[in-house]
$ cat data_14.tsv   # TSV, C-alpha atoms
chain	number	residue	atom	x	y	z
A	178	MET	CA	124.23	65.37	100.66
A	179	GLY	CA	121.06	64.99	102.70
A	180	ARG	CA	117.56	64.94	101.31
A	181	TRP	CA	117.93	68.18	99.33
A	182	SER	CA	119.99	68.48	96.16
A	183	ARG	CA	120.56	71.49	93.99
A	184	PRO	CA	120.62	70.52	90.30
A	185	THR	CA	120.53	74.10	89.05
A	186	ALA	CA	121.36	77.51	90.45
A	187	SER	CA	117.73	78.56	90.43
A	188	ARG	CA	115.79	75.61	91.92
A	189	TRP	CA	116.01	73.31	94.91
A	190	ARG	CA	114.55	69.86	94.48
A	191	PRO	CA	113.73	67.29	97.12
A	192	ARG	CA	115.45	63.93	96.96
A	193	GLY	CA	114.56	60.46	98.08
A	194	ARG	CA	111.18	59.65	99.59
A	195	TRP	CA	109.91	63.24	99.36
A	196	ARG	CA	110.15	63.21	95.58
A	197	ARG	CA	108.50	59.80	95.26
A	198	ARG	CA	105.43	60.94	97.16
A	199	GLY	CA	105.07	64.04	95.00
A	200	TRP	CA	105.27	66.25	98.08
A	201	ARG	CA	106.25	69.87	97.35
A	202	ARG	CA	106.72	72.93	99.48
A	203	GLU	CA	105.17	75.97	97.86
A	204	ILE	CA	103.75	79.31	98.82
A	205	THR	CA	99.98	79.00	98.55
A	206	LYS	CA	98.73	82.59	98.91
A	207	LEU	CA	99.52	86.13	100.00
A	208	ALA	CA	97.96	86.82	103.41
A	209	VAL	CA	99.24	90.26	104.47
A	210	THR	CA	100.99	93.15	102.77
A	211	SER	CA	101.95	96.41	104.41
A	212	VAL	CA	101.68	100.13	103.92
A	213	LYS	CA	103.90	102.46	105.93
A	214	VAL	CA	102.01	105.23	107.70
A	215	LEU	CA	102.92	108.04	110.10
A	216	ASP	CA	99.92	107.64	112.41
A	217	GLN	CA	97.89	104.45	112.67
A	218	ASN	CA	94.75	106.18	113.96
A	219	GLU	CA	94.77	108.65	111.06
A	220	ALA	CA	95.44	105.77	108.66
A	221	LEU	CA	92.57	103.78	110.15
A	222	ASP	CA	90.22	106.72	109.66
A	223	PHE	CA	91.29	107.17	106.03
A	224	TYR	CA	91.28	103.53	104.96
A	225	VAL	CA	88.02	102.64	106.76
A	226	ASN	CA	85.91	105.81	106.77
A	227	LYS	CA	87.04	107.28	103.45
A	228	LEU	CA	88.13	104.37	101.24
A	229	GLY	CA	85.51	102.03	102.67
A	230	LEU	CA	87.71	99.16	103.82
A	231	GLU	CA	87.03	97.27	107.06
A	232	VAL	CA	89.22	96.50	110.06
A	233	GLY	CA	90.80	93.07	109.84
A	234	GLN	CA	92.73	92.90	113.11
A	235	ASP	CA	93.59	95.46	115.78
A	236	ILE	CA	95.89	93.97	118.41
A	237	LYS	CA	98.03	95.94	120.84
A	238	GLN	CA	101.01	94.44	122.62
A	239	GLY	CA	102.87	97.02	124.66
A	240	PRO	CA	103.86	99.86	122.33
A	241	PHE	CA	103.36	97.68	119.23
A	242	ARG	CA	100.05	97.66	117.36
A	243	TRP	CA	99.12	95.09	114.72
A	244	LEU	CA	96.46	96.94	112.72
A	245	THR	CA	95.15	95.56	109.45
A	246	VAL	CA	92.38	96.54	107.04
A	247	ARG	CA	90.85	94.61	104.17
A	248	VAL	CA	88.30	94.85	101.40
A	249	PRO	CA	84.84	94.22	102.93
A	250	GLY	CA	83.70	90.66	102.43
A	251	ALA	CA	87.13	89.56	101.19
A	252	PRO	CA	89.05	88.18	104.17
A	253	GLY	CA	91.85	86.72	102.02
A	254	ILE	CA	94.41	89.55	101.99
A	255	GLU	CA	94.92	92.14	104.71
A	256	ILE	CA	96.90	95.38	104.64
A	257	PHE	CA	99.06	96.01	107.70
A	258	LEU	CA	99.11	99.74	108.51
A	259	VAL	CA	102.60	99.85	109.96
A	260	GLU	CA	103.90	102.85	111.83
A	261	ARG	CA	107.69	103.04	111.66
A	262	ARG	CA	108.89	103.99	115.13
A	263	PRO	CA	110.54	102.42	118.16
A	264	PRO	CA	110.51	99.61	119.22
A	265	VAL	CA	110.44	98.28	115.64
A	266	HIS	CA	113.21	100.71	114.56
A	267	ASP	CA	115.63	102.92	116.43
A	268	GLU	CA	114.67	106.61	116.38
A	269	ALA	CA	117.26	107.61	113.73
A	270	THR	CA	116.08	104.93	111.30
A	271	ALA	CA	112.43	105.70	112.04
A	272	ALA	CA	113.04	109.39	111.25
A	273	GLN	CA	114.59	108.50	107.88
A	274	LEU	CA	111.69	106.20	107.07
A	275	ARG	CA	109.12	108.85	108.04
A	276	GLU	CA	110.79	111.27	105.62
A	277	LEU	CA	110.59	108.73	102.79
A	278	ILE	CA	106.96	107.95	103.62
A	279	THR	CA	105.95	111.61	103.27
A	280	LYS	CA	107.59	111.67	99.84
A	281	GLY	CA	105.42	108.76	98.73
A	282	ALA	CA	108.47	106.56	98.24
A	283	MET	CA	107.54	103.68	100.53
A	284	GLY	CA	104.56	101.92	99.04
A	285	SER	CA	101.53	101.72	96.85
A	286	LEU	CA	98.33	99.73	96.54
A	287	VAL	CA	96.09	98.76	93.63
A	288	PHE	CA	92.41	97.99	94.16
A	289	HIS	CA	89.73	96.84	91.70
A	290	THR	CA	86.20	98.21	91.49
A	291	ASP	CA	83.15	97.57	89.35
A	292	ASP	CA	82.45	101.31	88.89
A	293	ALA	CA	85.44	103.67	88.96
A	294	ARG	CA	83.46	106.80	88.13
A	295	GLY	CA	80.82	106.08	90.76
A	296	LEU	CA	83.49	105.31	93.35
A	297	TYR	CA	85.26	108.57	92.50
A	298	GLU	CA	82.09	110.50	93.36
A	299	THR	CA	81.64	108.47	96.56
A	300	LEU	CA	85.22	109.14	97.65
A	301	LYS	CA	84.81	112.88	97.01
A	302	ALA	CA	81.60	112.86	99.09
A	303	ARG	CA	83.50	111.10	101.92
A	304	GLY	CA	86.11	113.86	101.94
A	305	VAL	CA	88.93	112.36	99.88
A	306	THR	CA	90.71	115.27	98.19
A	307	ASP	CA	94.19	114.13	97.16
A	308	PHE	CA	93.40	112.62	93.77
A	309	THR	CA	96.38	112.20	91.47
A	310	GLN	CA	94.17	111.27	88.52
A	311	GLU	CA	90.45	111.41	87.92
A	312	PRO	CA	88.87	108.29	86.38
A	313	THR	CA	90.44	107.92	82.95
A	314	GLU	CA	89.64	105.36	80.28
A	315	HIS	CA	92.52	103.21	78.99
A	316	PHE	CA	92.65	100.06	76.88
A	317	TYR	CA	92.91	97.99	80.10
A	318	GLY	CA	89.99	99.70	81.83
A	319	ILE	CA	89.12	102.85	83.76
A	320	ASP	CA	91.62	103.84	86.37
A	321	MET	CA	92.14	106.62	88.89
A	322	GLY	CA	94.77	107.61	91.40
A	323	VAL	CA	94.65	108.92	94.95
A	324	ARG	CA	97.13	109.38	97.80
A	325	ASP	CA	96.56	108.53	101.42
A	326	PRO	CA	97.31	111.24	104.03
A	327	PHE	CA	100.94	110.09	104.17
A	328	GLY	CA	101.72	110.17	100.45
A	329	ASN	CA	101.26	106.48	99.60
A	330	ALA	CA	99.99	106.01	96.05
A	331	ILE	CA	96.71	104.18	95.56
A	332	ARG	CA	95.43	103.13	92.14
A	333	ILE	CA	91.84	102.03	91.68
A	334	LEU	CA	91.06	100.12	88.50
A	335	GLN	CA	87.85	99.08	86.84
A	336	PRO	CA	89.17	96.37	84.52
A	337	ALA	CA	87.93	96.43	80.93
A	338	LYS	CA	85.40	93.79	80.02
A	339	VAL	CA	87.06	91.18	77.87
A	340	ALA	CA	85.06	89.95	74.92
A	341	HIS	CA	85.07	86.15	74.76
A	342	GLU	CA	85.65	84.54	71.40
A	343	ALA	CA	82.95	82.21	70.16
A	344	THR	CA	84.05	78.66	69.64
A	345	ALA	CA	82.58	76.37	67.04

$ encode --input "data_14.tsv" --output "structure tokens"
Amino acid sequence: MGRWSRPTASRWRPRGRWRRRGWRREITKLAVTSVKVLDQNEALDFYVNKLGLEVGQDIKQGPFRWLTVRVPGAPGIEIFLVERRPPVHDEATAAQLRELITKGAMGSLVFHTDDARGLYETLKARGVTDFTQEPTEHFYGIDMGVRDPFGNAIRILQPAKVAHEATA
């Protein structure tokens, strides 16, 4: 059977020496997620100059461009601004994907902030106009919605402060 056995349908478990050492293979963190865009330069302008993110990586290899942005001062997770076109997809598939992107059906992001109302005013001053919801108070915090120039939904949440219970 080898060093891997399958005791249940939902989990693989190591056998033999791997189990004795307590060694496990696990995912440790999310490094990159992606947002589909129609134009990487326009996306870069929006996400950096309007939302206030910073460039993570900008690498060109032939016609392919690896372009990521991230929250300033938080290098843990980057957002790949991926343009669906050849050579990644054939032209027919790329055209179908572009149509779905413009309908807002291909992705969304959720960011946290310490001041949703203040950020709303800042975004308006930077020229963001496509708000789907002004800052609104909910039991979980204050949240607002905006769309990028391609139709992708973006939610920005100011989480509610949680009262801590006193312990005796």

$ residues_around --input "data_14.tsv" --residues "A:Pro326" --least-positions-apart "3" --cutoff "9 Å" --atoms "only C-alpha atoms" --output "mmCIF file with C-alpha atoms, keeping the file's coordinate frame"
data_model
loop_
_atom_site.group_PDB
_atom_site.id
_atom_site.type_symbol
_atom_site.label_atom_id
_atom_site.label_comp_id
_atom_site.auth_asym_id
_atom_site.auth_seq_id
_atom_site.Cartn_x
_atom_site.Cartn_y
_atom_site.Cartn_z
ATOM 1 C CA VAL A 214 102.010 105.230 107.700
ATOM 2 C CA LEU A 215 102.920 108.040 110.100
ATOM 3 C CA GLU A 219 94.770 108.650 111.060
ATOM 4 C CA ALA A 220 95.440 105.770 108.660
ATOM 5 C CA PHE A 223 91.290 107.170 106.030
ATOM 6 C CA THR A 279 105.950 111.610 103.270
ATOM 7 C CA ASP A 307 94.190 114.130 97.160
ATOM 8 C CA ASN A 329 101.260 106.480 99.600
#

$ closest_residue --input "data_14.tsv" --among "A:Leu286, A:Gln234, A:Gly281, A:Glu276" --to "A:Ser211" --atoms "only C-alpha atoms"
A:Leu286

$ closest_residue --input "data_14.tsv" --among "A:Ala282, A:Leu258, A:Val339, A:Ala251" --to "A:Asp222" --atoms "all atoms listed in the file"
A:Leu258

$ atom_distance --input "data_14.tsv" --atom1 "atom CA of A:Ala208" --atom2 "atom CA of A:Tyr224"
18.1 Å

$ atom_distance --input "data_14.tsv" --atom1 "atom CA of A:Thr210" --atom2 "atom CA of A:Leu244"
11.6 Å

$ closest_residue --input "data_14.tsv" --among "A:Val259, A:Ala330, A:Val287, A:Ile236" --to "A:Val212" --atoms "only C-alpha atoms"
A:Val259

$ closest_residue --input "data_14.tsv" --among "A:Asp235, A:Glu260, A:Val225, A:Phe241" --to "A:Ala272" --atoms "all atoms listed in the file"
A:Glu260

$ closest_residue --input "data_14.tsv" --among "A:Arg303, A:Tyr297, A:His315, A:Gly284" --to "A:Ile331" --atoms "only C-alpha atoms"
A:Gly284

$ residues_around --input "data_14.tsv" --residues "A:Pro336" --least-positions-apart "2" --cutoff "7 Å" --atoms "only C-alpha atoms" --output "ChimeraX atom specification"
/A:317-319,334,338

$ atom_distance --input "data_14.tsv" --atom1 "atom CA of A:Asn226" --atom2 "atom CA of A:Ala337"
27.6 Å

$ closest_residue --input "data_14.tsv" --among "A:Arg242, A:Arg247, A:Arg261, A:His289" --to "A:Val209" --atoms "all atoms listed in the file"
A:Arg247

$ residues_around --input "data_14.tsv" --residues "A:Pro312" --least-positions-apart "4" --cutoff "10 Å" --atoms "all atoms listed in the file" --output "list in words"
Asp292, Ala293, Arg294, Gly295, Leu296, Tyr297, Glu298, Phe308, Gly318, Ile319, Asp320, Met321, Gly322, Ile333, Leu334 and Gln335 of chain A

$ axis_aligned_box --input "data_14.tsv" --around "stretch 210-229 of chain A" --padding-each-side "6 Å" --output "lines of an AutoDock Vina configuration file"
center_x = 94.7
center_y = 100.9
center_z = 107.6
size_x = 30.4
size_y = 27.5
size_z = 24.7
